[in-house]
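Shown next: data_33.cif, containing mmCIF, C-alpha atoms.
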data_coords
loop_
_atom_site.label_atom_id
_atom_site.label_comp_id
_atom_site.auth_asym_id
_atom_site.auth_seq_id
_atom_site.Cartn_x
_atom_site.Cartn_y
_atom_site.Cartn_z
CA MET T 1 -32.55 -3.15 44.58
CA ALA T 2 -29.69 -3.62 42.13
CA ASP T 3 -27.42 -1.54 44.31
CA ASP T 4 -28.30 -3.66 47.33
CA LEU T 5 -27.38 -6.75 45.38
CA GLY T 6 -24.16 -5.08 44.31
CA SER T 7 -23.11 -4.33 47.86
CA ASP T 8 -24.30 -7.80 48.91
CA ILE T 9 -21.93 -9.34 46.38
CA ALA T 10 -19.19 -6.95 47.48
CA ALA T 11 -19.66 -8.04 51.09
CA LEU T 12 -19.63 -11.66 50.00
CA VAL T 13 -16.41 -11.14 48.07
CA SER T 14 -14.62 -9.42 50.92
CA LYS T 15 -15.82 -12.01 53.44
CA ASN T 16 -14.68 -14.94 51.29
CA GLU T 17 -11.63 -13.40 49.67
CA GLN T 18 -9.33 -15.95 51.27
CA THR T 19 -11.17 -18.84 49.58
CA ILE T 20 -12.25 -17.18 46.34
CA LEU T 21 -8.78 -16.05 45.31
CA PRO T 22 -6.98 -19.43 45.54
CA GLU T 23 -9.90 -21.23 43.92
CA TRP T 24 -9.99 -18.72 41.09
CA ILE T 25 -6.23 -18.93 40.48
CA GLU T 26 -6.46 -22.72 40.56
CA LEU T 27 -9.19 -22.66 37.89
CA GLN T 28 -7.18 -20.27 35.72
CA LYS T 29 -4.20 -22.60 35.95
CA LYS T 30 -6.43 -25.49 34.95
CA ALA T 31 -7.61 -23.49 31.93
CA GLY T 32 -3.99 -23.42 30.85
CA THR T 33 -3.10 -19.79 31.44
CA LEU T 34 0.37 -20.70 32.71
CA HIS T 35 1.06 -23.61 30.34
CA THR T 36 2.67 -21.57 27.63
CA GLY T 37 4.98 -19.82 30.06
CA ARG T 38 4.04 -16.40 28.81
CA ILE T 39 3.24 -15.07 32.28
CA SER T 40 4.54 -16.22 35.65
CA GLU T 41 2.48 -17.50 38.55
CA GLY T 42 3.35 -14.44 40.60
CA GLU T 43 2.08 -12.17 37.86
CA LEU T 44 -1.15 -14.14 37.65
CA GLN T 45 -1.62 -13.94 41.38
CA SER T 46 -1.09 -10.20 41.56
CA GLN T 47 -3.35 -9.63 38.55
CA SER T 48 -6.13 -11.73 40.09
CA LYS T 49 -5.81 -10.12 43.51
CA ASN T 50 -5.78 -6.65 41.98
CA PHE T 51 -8.84 -7.28 39.88
CA LEU T 52 -10.79 -8.84 42.74
CA ASN T 53 -10.11 -5.75 44.87
CA LEU T 54 -11.13 -3.40 42.08
CA LEU T 55 -14.26 -5.43 41.40
CA ARG T 56 -15.22 -5.39 45.07
CA ASP T 57 -14.78 -1.61 45.28
CA ALA T 58 -16.81 -1.15 42.11
CA LEU T 59 -19.59 -3.41 43.40
CA ALA T 60 -19.70 -1.59 46.71
CA THR T 61 -20.06 1.88 45.21
CA GLY T 62 -21.51 1.34 41.75
CA GLY T 63 -23.89 -1.56 42.23
CA SER T 64 -24.11 -4.24 39.56
CA ASP T 65 -24.32 -1.87 36.58
CA VAL T 66 -21.14 -2.18 34.50
CA ALA T 67 -21.79 1.15 32.75
CA ASN T 68 -21.44 2.91 36.13
CA ALA T 69 -18.41 5.17 36.53
CA ALA T 70 -17.31 3.15 39.58
CA TYR T 71 -16.31 0.33 37.20
CA GLU T 72 -13.81 2.47 35.29
CA PRO T 73 -10.72 1.36 37.32
CA ALA T 74 -11.71 -2.30 37.01
CA LYS T 75 -12.35 -1.91 33.28
CA ALA T 76 -9.09 -0.05 32.77
CA MET T 77 -7.23 -2.88 34.48
CA LEU T 78 -9.08 -5.46 32.36
CA GLY T 79 -8.25 -3.46 29.25
CA ASP T 80 -4.55 -3.39 30.08
CA LEU T 81 -4.57 -7.09 30.88
CA SER T 82 -6.43 -7.95 27.70
CA ARG T 83 -4.16 -5.81 25.58
CA SER T 84 -0.97 -7.25 27.03
CA ARG T 85 -2.30 -10.80 26.63
CA ALA T 86 -3.23 -10.09 23.02
CA LEU T 87 0.31 -8.91 22.36
CA GLN T 88 1.77 -11.92 24.20
CA GLY T 89 -0.12 -14.21 21.85
CA PHE T 90 -2.83 -15.59 24.14
CA THR T 91 -5.88 -17.05 22.42
CA PRO T 92 -9.20 -15.26 22.89
CA SER T 93 -10.57 -18.08 25.08
CA GLU T 94 -7.47 -18.06 27.28
CA THR T 95 -7.92 -14.33 27.76
CA ALA T 96 -11.66 -14.55 28.42
CA SER T 97 -11.19 -17.39 30.91
CA PHE T 98 -9.64 -14.82 33.26
CA ILE T 99 -13.13 -13.44 33.88
CA PHE T 100 -15.26 -16.50 33.26
CA SER T 101 -13.35 -18.71 35.68
CA LEU T 102 -14.29 -16.29 38.46
CA LYS T 103 -17.89 -17.56 38.28
CA ARG T 104 -17.33 -20.92 40.02
CA PRO T 105 -15.51 -19.53 43.10
CA LEU T 106 -18.16 -16.83 43.53
CA PHE T 107 -21.01 -19.34 43.31
CA ASN T 108 -19.23 -21.66 45.73
CA ALA T 109 -18.94 -18.81 48.16
CA LEU T 110 -22.64 -18.05 47.72
CA ASN T 111 -23.54 -21.67 48.39
CA ARG T 112 -21.52 -21.71 51.56
CA ASP T 113 -23.40 -18.67 52.85
CA LYS T 114 -26.15 -20.38 54.88
CA ALA T 115 -27.78 -17.08 55.88
CA LEU T 116 -29.25 -16.50 52.39
CA SER T 117 -32.66 -17.71 51.26
CA ALA T 118 -33.08 -19.65 48.00
CA GLU T 119 -34.65 -16.67 46.32
CA GLN T 120 -31.81 -14.39 47.36
CA ILE T 121 -29.26 -16.85 46.07
CA ALA T 122 -31.05 -17.15 42.73
CA GLN T 123 -31.18 -13.40 42.34
CA THR T 124 -27.56 -12.89 43.31
CA VAL T 125 -26.46 -15.64 40.93
CA TRP T 126 -28.32 -14.04 38.05
CA THR T 127 -26.86 -10.59 38.77
CA THR T 128 -23.37 -12.05 39.04
CA ILE T 129 -23.74 -13.93 35.77
CA LEU T 130 -24.85 -10.78 33.96
CA LEU T 131 -22.03 -8.76 35.48
CA LEU T 132 -19.29 -11.24 34.70
CA ASP T 133 -20.58 -11.90 31.18
CA GLU T 134 -20.50 -8.23 30.44
CA LEU T 135 -16.97 -7.88 31.79
CA GLY T 136 -15.95 -10.95 29.78
CA LEU T 137 -17.33 -9.46 26.59
CA TYR T 138 -15.54 -6.22 27.35
CA THR T 139 -12.30 -8.19 27.70
CA LEU T 140 -12.87 -9.82 24.34
CA ASP T 141 -13.66 -6.49 22.70
CA ILE T 142 -10.38 -5.04 23.89
CA PHE T 143 -8.56 -8.23 22.90
CA GLN T 144 -9.96 -8.04 19.39
CA LYS T 145 -9.14 -4.36 19.09
CA SER T 146 -5.53 -4.88 20.16
CA ARG T 147 -5.12 -7.70 17.66
CA GLU T 148 -6.48 -5.49 14.91
CA GLU T 149 -4.08 -2.73 15.89
CA VAL T 150 -1.23 -5.21 15.61
CA ILE T 151 -2.41 -6.27 12.17
CA VAL T 152 -2.76 -2.69 10.93
CA ARG T 153 0.73 -1.84 12.20
CA GLN T 154 2.20 -4.89 10.52
CA GLN T 155 0.47 -4.07 7.25
CA ARG T 156 1.93 -0.59 7.34
CA GLU T 157 5.39 -1.93 8.05
CA ILE T 158 5.14 -4.49 5.26
CA ALA T 159 4.00 -1.80 2.85
CA GLU T 160 6.95 0.37 3.80
CA LEU T 161 9.43 -2.47 3.59
CA SER T 162 8.34 -3.86 0.28
CA THR T 163 8.35 -0.85 -2.01
CA PRO T 164 11.91 0.33 -2.40
CA VAL T 165 13.01 1.92 -5.66
CA VAL T 166 16.62 1.07 -6.47
CA LYS T 167 18.86 2.97 -8.82
CA LEU T 168 20.76 0.43 -10.90
CA TRP T 169 22.61 2.80 -13.18
CA ASP T 170 22.49 6.35 -14.35
CA GLY T 171 18.92 6.68 -15.61
CA ILE T 172 17.94 3.10 -14.87
CA LEU T 173 15.71 2.26 -11.92
CA ALA T 174 14.58 -1.08 -10.54
CA LEU T 175 11.45 -1.69 -8.51
CA PRO T 176 11.56 -5.13 -6.89
CA LEU T 177 7.99 -5.88 -5.89
CA ILE T 178 7.39 -8.32 -3.04
CA GLY T 179 3.99 -9.59 -1.96
CA THR T 180 0.50 -9.26 -3.31
CA LEU T 181 -0.38 -6.11 -5.21
CA ASP T 182 -3.64 -4.57 -4.04
CA SER T 183 -4.97 -1.15 -4.96
CA HIS T 184 -3.56 0.54 -1.90
CA ARG T 185 -0.07 -0.85 -2.42
CA THR T 186 -0.18 -0.09 -6.11
CA GLN T 187 -0.87 3.51 -5.20
CA VAL T 188 2.14 3.63 -2.87
CA VAL T 189 4.37 1.85 -5.38
CA MET T 190 3.25 4.12 -8.20
CA GLU T 191 3.84 7.32 -6.25
CA ASN T 192 7.24 6.09 -5.09
CA LEU T 193 8.33 5.09 -8.57
CA LEU T 194 7.12 8.25 -10.30
CA GLN T 195 8.71 10.53 -7.72
CA THR T 196 12.02 8.69 -8.04
CA ILE T 197 11.81 8.90 -11.83
CA VAL T 198 11.58 12.67 -11.48
CA ASP T 199 14.31 12.82 -8.83
CA VAL T 200 16.97 10.86 -10.70
CA GLU T 201 15.73 11.69 -14.22
CA ALA T 202 15.40 8.04 -15.08
CA GLU T 203 14.73 6.90 -18.62
CA ILE T 204 13.98 3.28 -17.87
CA ALA T 205 12.29 1.60 -14.93
CA ILE T 206 12.44 -2.15 -14.46
CA ILE T 207 9.57 -3.63 -12.46
CA ASP T 208 10.70 -6.96 -11.06
CA ILE T 209 7.85 -9.19 -9.93
CA THR T 210 9.89 -12.19 -8.74
CA GLY T 211 8.41 -11.67 -5.26
CA VAL T 212 4.79 -11.40 -6.38
CA PRO T 213 3.13 -14.73 -5.56
CA THR T 214 0.21 -14.57 -8.00
CA VAL T 215 -0.70 -12.42 -10.95
CA ASP T 216 -4.41 -12.31 -11.66
CA THR T 217 -6.28 -9.90 -13.89
CA LEU T 218 -6.49 -7.32 -11.11
CA THR T 219 -2.76 -7.43 -10.37
CA ALA T 220 -2.02 -7.18 -14.07
CA GLN T 221 -4.28 -4.16 -14.30
CA HIS T 222 -2.42 -2.53 -11.42
CA LEU T 223 0.90 -3.27 -13.08
CA LEU T 224 -0.36 -1.79 -16.33
CA LYS T 225 -1.51 1.35 -14.53
CA THR T 226 1.97 1.80 -13.10
CA VAL T 227 3.53 1.24 -16.52
CA ALA T 228 1.13 3.70 -18.15
CA ALA T 229 1.82 6.37 -15.52
CA ALA T 230 5.58 5.94 -15.92
CA ARG T 231 5.19 6.21 -19.68
CA LEU T 232 3.26 9.46 -19.30
CA MET T 233 6.20 10.83 -17.35
CA GLY T 234 8.48 9.93 -20.23
CA ALA T 235 10.11 6.80 -18.83
CA ASP T 236 9.99 3.34 -20.37
CA CYS T 237 9.03 0.35 -18.27
CA LEU T 238 10.30 -3.22 -18.47
CA ILE T 239 8.82 -6.08 -16.51
CA SER T 240 11.02 -8.90 -15.30
CA GLY T 241 10.90 -11.94 -13.06
CA ILE T 242 7.70 -13.53 -14.27
CA ARG T 243 7.89 -17.11 -13.02
CA PRO T 244 6.95 -20.04 -15.30
CA GLN T 245 3.70 -20.89 -13.52
CA ILE T 246 2.69 -17.24 -13.45
CA ALA T 247 3.41 -16.88 -17.16
CA GLN T 248 1.13 -19.87 -17.79
CA THR T 249 -1.62 -18.48 -15.57
CA MET T 250 -1.42 -15.14 -17.31
CA VAL T 251 -1.80 -16.74 -20.71
CA HIS T 252 -4.73 -18.85 -19.49
CA LEU T 253 -6.42 -15.78 -18.04
CA GLY T 254 -5.81 -13.87 -21.26
CA VAL T 255 -3.83 -11.19 -19.45
CA GLU T 256 -1.90 -9.07 -21.90
CA LEU T 257 0.82 -6.80 -20.51
CA ASN T 258 1.91 -5.11 -23.75
CA VAL T 259 5.32 -4.17 -22.39
CA ILE T 260 8.75 -5.65 -22.88
CA SER T 261 9.04 -8.45 -20.37
CA LYS T 262 12.13 -10.48 -19.58
CA ALA T 263 12.58 -13.63 -17.54
CA SER T 264 15.15 -12.24 -15.14
CA LEU T 265 16.19 -8.87 -13.79
CA ALA T 266 19.63 -9.40 -15.38
CA ASP T 267 18.09 -9.75 -18.84
CA ALA T 268 15.94 -6.67 -18.33
CA PHE T 269 18.99 -4.73 -17.13
CA ALA T 270 20.87 -5.77 -20.27
CA VAL T 271 17.99 -4.47 -22.40
CA ALA T 272 17.93 -1.24 -20.42
CA LEU T 273 21.68 -0.75 -20.92
CA ARG T 274 21.31 -1.38 -24.63
CA GLN T 275 18.41 1.05 -24.92
CA THR T 276 20.41 3.78 -23.21
CA GLY T 277 23.31 3.14 -25.57
CA ARG T 278 25.66 1.27 -23.28
CA THR T 279 27.47 -2.04 -23.49
CA VAL T 280 29.05 -4.16 -20.81
CA THR T 281 32.39 -5.67 -21.73
CA ARG T 282 34.50 -8.15 -19.84
CA THR T 283 37.98 -6.68 -19.61
CA ARG T 284 39.92 -9.81 -18.67
CA LYS T 285 39.49 -13.53 -18.87
CA VAL T 286 38.15 -15.28 -15.79
CA GLU T 287 40.39 -18.28 -15.11
CA THR T 288 37.82 -20.52 -13.49
CA GLY T 289 35.24 -20.13 -16.23
CA SER T 290 35.01 -22.73 -18.98
CA GLY T 291 34.14 -21.98 -22.56
CA PRO T 292 35.03 -18.98 -24.63
CA ASP T 293 35.17 -15.50 -23.24
CA ARG T 294 31.91 -13.77 -23.94
CA LYS T 295 30.51 -10.34 -23.85
CA THR T 296 27.46 -9.78 -21.76
CA GLY T 297 24.88 -7.10 -22.06
CA GLY T 298 24.20 -5.19 -25.23
CA GLN T 299 25.70 -5.99 -28.59
CA GLY T 300 26.40 -2.30 -29.19
CA ALA T 301 24.42 0.86 -29.16
CA MET D 302 -8.84 36.36 -23.77
CA ASP D 303 -5.23 35.38 -23.25
CA ARG D 304 -3.69 32.69 -25.35
CA ILE D 305 -0.84 30.30 -24.82
CA PRO D 306 2.20 31.35 -26.87
CA ILE D 307 3.53 28.94 -29.47
CA LEU D 308 7.23 29.29 -30.26
CA LYS D 309 8.93 28.10 -33.39
CA PHE D 310 12.12 26.21 -32.63
CA GLY D 311 13.82 24.95 -35.78
CA SER D 312 11.35 22.69 -37.43
CA ALA D 313 9.53 22.08 -34.18
CA LEU D 314 6.95 24.05 -32.24
CA LEU D 315 7.39 24.63 -28.53
CA VAL D 316 4.41 25.18 -26.25
CA THR D 317 4.94 25.86 -22.57
CA ILE D 318 1.78 25.78 -20.53
CA GLN D 319 2.37 27.97 -17.52
CA VAL D 320 -1.14 28.78 -16.40
CA ASP D 321 -3.96 26.61 -15.20
CA MET D 322 -5.78 25.33 -18.24
CA HIS D 323 -9.46 26.00 -18.57
CA ASP D 324 -11.54 24.49 -21.29
CA ARG D 325 -11.73 27.47 -23.62
CA LEU D 326 -7.97 28.04 -23.38
CA ALA D 327 -7.44 24.40 -24.29
CA THR D 328 -9.69 24.61 -27.33
CA ALA D 329 -7.96 27.80 -28.45
CA LEU D 330 -4.57 26.13 -28.07
CA GLU D 331 -5.71 23.19 -30.17
CA GLU D 332 -6.84 25.52 -32.99
CA ASP D 333 -3.76 27.77 -32.83
CA LEU D 334 -1.43 24.81 -32.84
CA THR D 335 -3.08 23.22 -35.86
CA ALA D 336 -2.81 26.48 -37.78
CA LYS D 337 0.85 26.95 -36.78
CA ILE D 338 1.84 23.43 -37.78
CA VAL D 339 0.54 24.08 -41.27
CA GLU D 340 1.94 27.63 -41.42
CA HIS D 341 5.49 26.67 -40.41
CA ASN D 342 5.41 23.20 -41.89
CA ALA D 343 6.48 21.91 -38.48
CA ARG D 344 7.63 18.31 -38.04
CA GLY D 345 7.41 18.15 -34.28
CA VAL D 346 5.33 19.63 -31.45
CA LEU D 347 6.71 19.79 -27.94
CA ILE D 348 4.27 20.53 -25.12
CA ASP D 349 5.81 21.28 -21.74
CA ILE D 350 3.31 20.74 -18.93
CA SER D 351 5.74 20.78 -16.02
CA ALA D 352 3.92 23.75 -14.50
CA LEU D 353 0.52 22.13 -14.86
CA GLU D 354 -0.75 20.87 -11.52
CA ILE D 355 -4.34 20.02 -12.32
CA VAL D 356 -5.41 17.99 -15.30
CA ASP D 357 -8.96 16.85 -15.90
CA SER D 358 -10.37 14.52 -18.51
CA PHE D 359 -10.99 17.41 -20.89
CA ILE D 360 -7.36 18.53 -20.90
CA GLY D 361 -6.28 14.90 -21.20
CA ARG D 362 -8.46 14.47 -24.24
CA MET D 363 -7.18 17.72 -25.67
CA LEU D 364 -3.61 16.39 -25.49
CA ASP D 365 -4.77 13.24 -27.26
CA ASN D 366 -6.54 15.32 -29.92
CA ILE D 367 -3.51 17.53 -30.54
CA ALA D 368 -1.42 14.39 -31.01
CA ALA D 369 -3.92 12.92 -33.45
CA VAL D 370 -4.19 16.16 -35.46
CA SER D 371 -0.40 16.58 -35.58
CA ARG D 372 -0.02 13.01 -36.77
CA ILE D 373 -2.33 13.71 -39.67
CA LEU D 374 -0.23 16.78 -40.49
CA ASP D 375 2.95 14.66 -40.22
CA ALA D 376 4.28 16.11 -36.99
CA ASP D 377 5.24 14.20 -33.85
CA THR D 378 3.81 15.33 -30.53
CA VAL D 379 5.92 14.99 -27.41
CA VAL D 380 4.49 15.85 -24.00
CA VAL D 381 7.22 16.58 -21.47
CA GLY D 382 7.55 17.22 -17.76
CA MET D 383 4.36 15.63 -16.53
CA ARG D 384 4.16 15.60 -12.74
CA PRO D 385 3.68 12.27 -10.91
CA ALA D 386 0.32 13.33 -9.48
CA VAL D 387 -0.90 14.33 -12.93
CA ALA D 388 0.28 11.04 -14.43
CA ILE D 389 -1.57 9.07 -11.74
CA THR D 390 -4.72 11.13 -12.29
CA LEU D 391 -4.67 10.56 -16.03
CA VAL D 392 -4.17 6.82 -15.60
CA GLU D 393 -7.00 6.66 -13.07
CA LEU D 394 -9.20 8.54 -15.54
CA GLY D 395 -8.39 5.86 -18.08
CA LEU D 396 -6.50 8.27 -20.35
CA SER D 397 -3.14 6.72 -21.08
CA LEU D 398 -2.53 8.98 -24.11
CA THR D 399 -1.31 6.10 -26.25
CA GLY D 400 -0.86 8.31 -29.31
CA VAL D 401 1.38 10.78 -27.51
CA LYS D 402 5.11 10.44 -27.04
CA THR D 403 6.44 11.49 -23.67
CA ALA D 404 9.77 12.61 -22.27
CA LEU D 405 11.02 13.63 -18.87
CA ASN D 406 12.10 17.18 -19.71
CA VAL D 407 12.30 19.63 -22.61
CA GLU D 408 15.88 18.63 -23.39
CA ARG D 409 15.03 14.96 -23.83
CA GLY D 410 11.85 15.80 -25.69
CA MET D 411 13.78 17.94 -28.15
CA ALA D 412 16.32 15.15 -28.59
CA LEU D 413 13.45 12.79 -29.37
CA ILE D 414 12.09 15.10 -32.05
CA GLN D 415 15.54 15.77 -33.52
CA GLY D 416 16.18 12.04 -33.60
CA ARG D 417 12.98 11.49 -35.56
CA LEU D 418 13.90 14.30 -37.96
CA SER D 419 17.37 12.98 -38.72
CA GLU D 420 15.89 9.50 -39.15
CA SER D 421 13.39 10.67 -41.71
CA GLU D 422 16.05 12.75 -43.46
CA ALA D 423 18.22 9.65 -43.70
CA ASP D 424 15.24 7.80 -45.15
CA ASP D 425 14.75 10.57 -47.69
CA ALA D 426 18.41 10.38 -48.62
CA ASP D 427 18.11 6.63 -49.07
CA ASP D 428 15.10 7.11 -51.30
CA GLU D 429 17.03 9.53 -53.52
CA ASP D 430 19.82 7.02 -54.06
#
Translate the structure described by the file into structure tokens.
Amino acid sequence: MADDLGSDIAALVSKNEQTILPEWIELQKKAGTLHTGRISEGELQSQSKNFLNLLRDALATGGSDVANAAYEPAKAMLGDLSRSRALQGFTPSETASFIFSLKRPLFNALNRDKALSAEQIAQTVWTTILLLDELGLYTLDIFQKSREEVIVRQQREIAELSTPVVKLWDGILALPLIGTLDSHRTQVVMENLLQTIVDVEAEIAIIDITGVPTVDTLTAQHLLKTVAAARLMGADCLISGIRPQIAQTMVHLGVELNVISKASLADAFAVALRQTGRTVTRTRKVETGSGPDRKTGGQGA
Amino acid sequence: MDRIPILKFGSALLVTIQVDMHDRLATALEEDLTAKIVEHNARGVLIDISALEIVDSFIGRMLDNIAAVSRILDADTVVVGMRPAVAITLVELGLSLTGVKTALNVERGMALIQGRLSESEADDADDED
């Protein structure tokens, strides 16, 4: 029975292809598929034509059951389309309208077919609705999955980009943290830092949190873990770049860091130089500067 | 049962752990070390764990204990050469060994102990004046 309906719909589609296709494309345009200029009209036409052909073949051989193997080519094409639209930045409803706007032209074609009885039409309509809904949901599934893949990839890239360990001086490392610190990133940061401490035999590591937007108790705990691990390796940690608002929040939350913290990376670097027994001295006067010549950095070892 | 050798190095004791620690070995080390500190009147204990790949909470606590015992006997404990993975494990276990001094390698650890010694000698000299 279902298979008969499937081939009935297939026959209907092939008979009315000349009217269904333009109607369908018109409806897709109305739904705004072309508005954003992300795909061209020609592309839309070839996609629609392709899919209609694949759908007709699938209906003819596989009936109206979407799980049937005959639907694989149609599904594969939908998957590709959905994926590429997800990457192009289409909204979910714009993507799903590709399938859902096919309903109206199909029903119109059914209505025009005077040879069918009312009961036949009702049954065919129901089968078509089920079929198209299922294909629409499939489209959305793929859309969602592609978006998630994009997000995961971006997260990985951000994690890689935002955890560099910089060597400032012999034995002095800086770790400029950017972005929110969660457990996963803390792990990456910690491993990176500790390995670099071993590699360059660093005595002091400066953790700069200028780029960390908020410091709550959890972030502070992660920071402390990193500091504790570095200390176990035999390196001292300094924390720098705590912004005024963050300092206030930390005090309000009762977060205690228990490490030397400095307002800026420059200050922390000066402390690090002093602790490793170095001073920075200006060797000549700078003409443009006003005020007395001054020494920066440590006041002596 | 094999034991971990404890070497006398000036007024410090040097322990290099080169085998995987099991609990009984750790306990034996703790006892031996305490006895040696008293016997040699040592002022510093240097424990090199650069070859140690696996550390559990028991070994972590043992390090803490050794440090506490040495402190009572007026010796500084320095743990050197901890591997990154070991450091992360200890922190995750909640053992940050606050009573233990750490250094990156034996050389730096020895310098730390020597520094302490000369400091206290200077203090003694001041007291005599």
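Considering all atoms listed in the file, the residue among D:Leu396, D:Val339, D:Leu330, D:Val381 positioned nearest to Gly361 in chain D is D:Leu396.
In chain D, the set of residues within 10 Å of chain T (atoms considered: only C-alpha atoms) is D:Val379, D:Val380, D:Val381, D:Gly382, D:Met383, D:Arg384, D:Pro385, D:Ala386, D:Val387, D:Ala388, D:Ile389, D:Thr390, D:Leu391, D:Val392, D:Glu393, D:Gly395, D:Leu396, D:Ser397, D:Leu398, D:Thr399, D:Val401, D:Lys402, D:Thr403, D:Ala404, D:Leu405, D:Asn406, D:Arg409, D:Gly410.
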query = In Å, with one decimal, what is the gap from CA of Ala31 in chain T to CA of Ser101 in chain T?
reply = 8.4 Å
What box, with edges along x, y and z, holds each listed atom of range 189-193 of chain T when 8 Å is added on every side, and can you state its centre and edge lengths in Å to one decimal, as JSON?
{"center_x": 5.8, "center_y": 4.6, "center_z": -6.8, "size_x": 21.1, "size_y": 21.5, "size_z": 19.5}
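As for CA of Arg112 in chain T and CA of Trp24 in chain T, they are spaced 15.9 Å apart.
Here CA of Val188 in chain T and CA of Arg274 in chain T stand 29.4 Å from one another.
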task = Write out as a PyMOL selection string which residues come within 8 Å of Ala376 in chain D when counting only C-alpha atoms, dropping same-chain ones fewer than 3 positions away.
result = chain D and resi 338+343-346+371-373
Selection export as an mmCIF file, in the coordinates of the input, atoms kept: C-alpha atoms:
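This is the output file result-v5.cif:
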data_model
loop_
_atom_site.group_PDB
_atom_site.id
_atom_site.type_symbol
_atom_site.label_atom_id
_atom_site.label_comp_id
_atom_site.auth_asym_id
_atom_site.auth_seq_id
_atom_site.Cartn_x
_atom_site.Cartn_y
_atom_site.Cartn_z
ATOM 1 C CA ILE D 338 1.840 23.430 -37.780
ATOM 2 C CA ALA D 343 6.480 21.910 -38.480
ATOM 3 C CA ARG D 344 7.630 18.310 -38.040
ATOM 4 C CA GLY D 345 7.410 18.150 -34.280
ATOM 5 C CA VAL D 346 5.330 19.630 -31.450
ATOM 6 C CA SER D 371 -0.400 16.580 -35.580
ATOM 7 C CA ARG D 372 -0.020 13.010 -36.770
ATOM 8 C CA ILE D 373 -2.330 13.710 -39.670
#
inquiry  = I'd like the contact shell of Ile39 in chain T - 12 Å cut-off, only C-alpha atoms, skipping same-chain residues fewer than 6 positions apart - returned as a list in words.
reply    = Lys29, Gly32, Thr33, Gln45, Ser46, Gln47, Leu81, Ser84, Arg85, Gln88, Gly89 and Phe90 of chain T
Could the residues in this selection be saved with C-alpha atoms as a JSON list (two decimals), keeping the file's coordinate frame?
[["chain", "number", "residue", "atom", "x", "y", "z"],
["T", 29, "LYS", "CA", -4.20, -22.60, 35.95],
["T", 32, "GLY", "CA", -3.99, -23.42, 30.85],
["T", 33, "THR", "CA", -3.10, -19.79, 31.44],
["T", 45, "GLN", "CA", -1.62, -13.94, 41.38],
["T", 46, "SER", "CA", -1.09, -10.20, 41.56],
["T", 47, "GLN", "CA", -3.35, -9.63, 38.55],
["T", 81, "LEU", "CA", -4.57, -7.09, 30.88],
["T", 84, "SER", "CA", -0.97, -7.25, 27.03],
["T", 85, "ARG", "CA", -2.30, -10.80, 26.63],
["T", 88, "GLN", "CA", 1.77, -11.92, 24.20],
["T", 89, "GLY", "CA", -0.12, -14.21, 21.85],
["T", 90, "PHE", "CA", -2.83, -15.59, 24.14]]
ask   = Could you name the residues that touch Ile178 in chain T at 9 Å or less, counting all atoms listed in the file, but leaving out those on the same chain fewer than 3 positions away, as a ChimeraX atom specification?
value = /T:162-163,181,208-213
Emit the selected residues as a tab-separated table (two decimals), in the coordinates of the input, including C-alpha atoms.
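Final output, selection_21.tsv:
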chain	number	residue	atom	x	y	z
T	162	SER	CA	8.34	-3.86	0.28
T	163	THR	CA	8.35	-0.85	-2.01
T	181	LEU	CA	-0.38	-6.11	-5.21
T	208	ASP	CA	10.70	-6.96	-11.06
T	209	ILE	CA	7.85	-9.19	-9.93
T	210	THR	CA	9.89	-12.19	-8.74
T	211	GLY	CA	8.41	-11.67	-5.26
T	212	VAL	CA	4.79	-11.40	-6.38
T	213	PRO	CA	3.13	-14.73	-5.56
Sorted by chain and rising residue number, list the residues of range 351-424 of chain D at most 8 Å from range 304-324 of chain D (counting only C-alpha atoms), each with its closest atom pair and distance in Å to one decimal, as CSV.
residue,atom,partner,partner_atom,distance
D:Ser351,CA,D:Ile318,CA,7.8
D:Ala352,CA,D:Gln319,CA,5.4
D:Leu353,CA,D:Asp321,CA,6.3
D:Glu354,CA,D:Asp321,CA,7.5
D:Ile355,CA,D:Asp321,CA,7.2
D:Val356,CA,D:Met322,CA,7.9
D:Phe359,CA,D:Asp324,CA,7.1
D:Ile360,CA,D:Asp324,CA,7.3
D:Ile414,CA,D:Ala313,CA,7.7
query = What residues come out when you apply the PyMOL selection byres ((chain T and resi 246-249) around 12) to this file, written as a PyMOL selection string?
reply = chain T and resi 209-217+219-220+240-245+250-257+261-263
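If all atoms listed in the file are the atoms counted, then among T:Ile9, T:Leu78, T:Ile239, T:Ala268 the closest residue to Ile142 in chain T is T:Leu78.
Between Val407 in chain D and the candidates D:Asp427, D:Asp349, D:Glu340, D:Asp357, the tightest atom-to-atom separation, counting only C-alpha atoms, involves D:Asp349.
Comparing D:Leu326, D:Thr378, D:Ile350, D:Leu394 by their smallest distance to Arg417 in chain D, the closest is D:Thr378 (using all atoms listed in the file).
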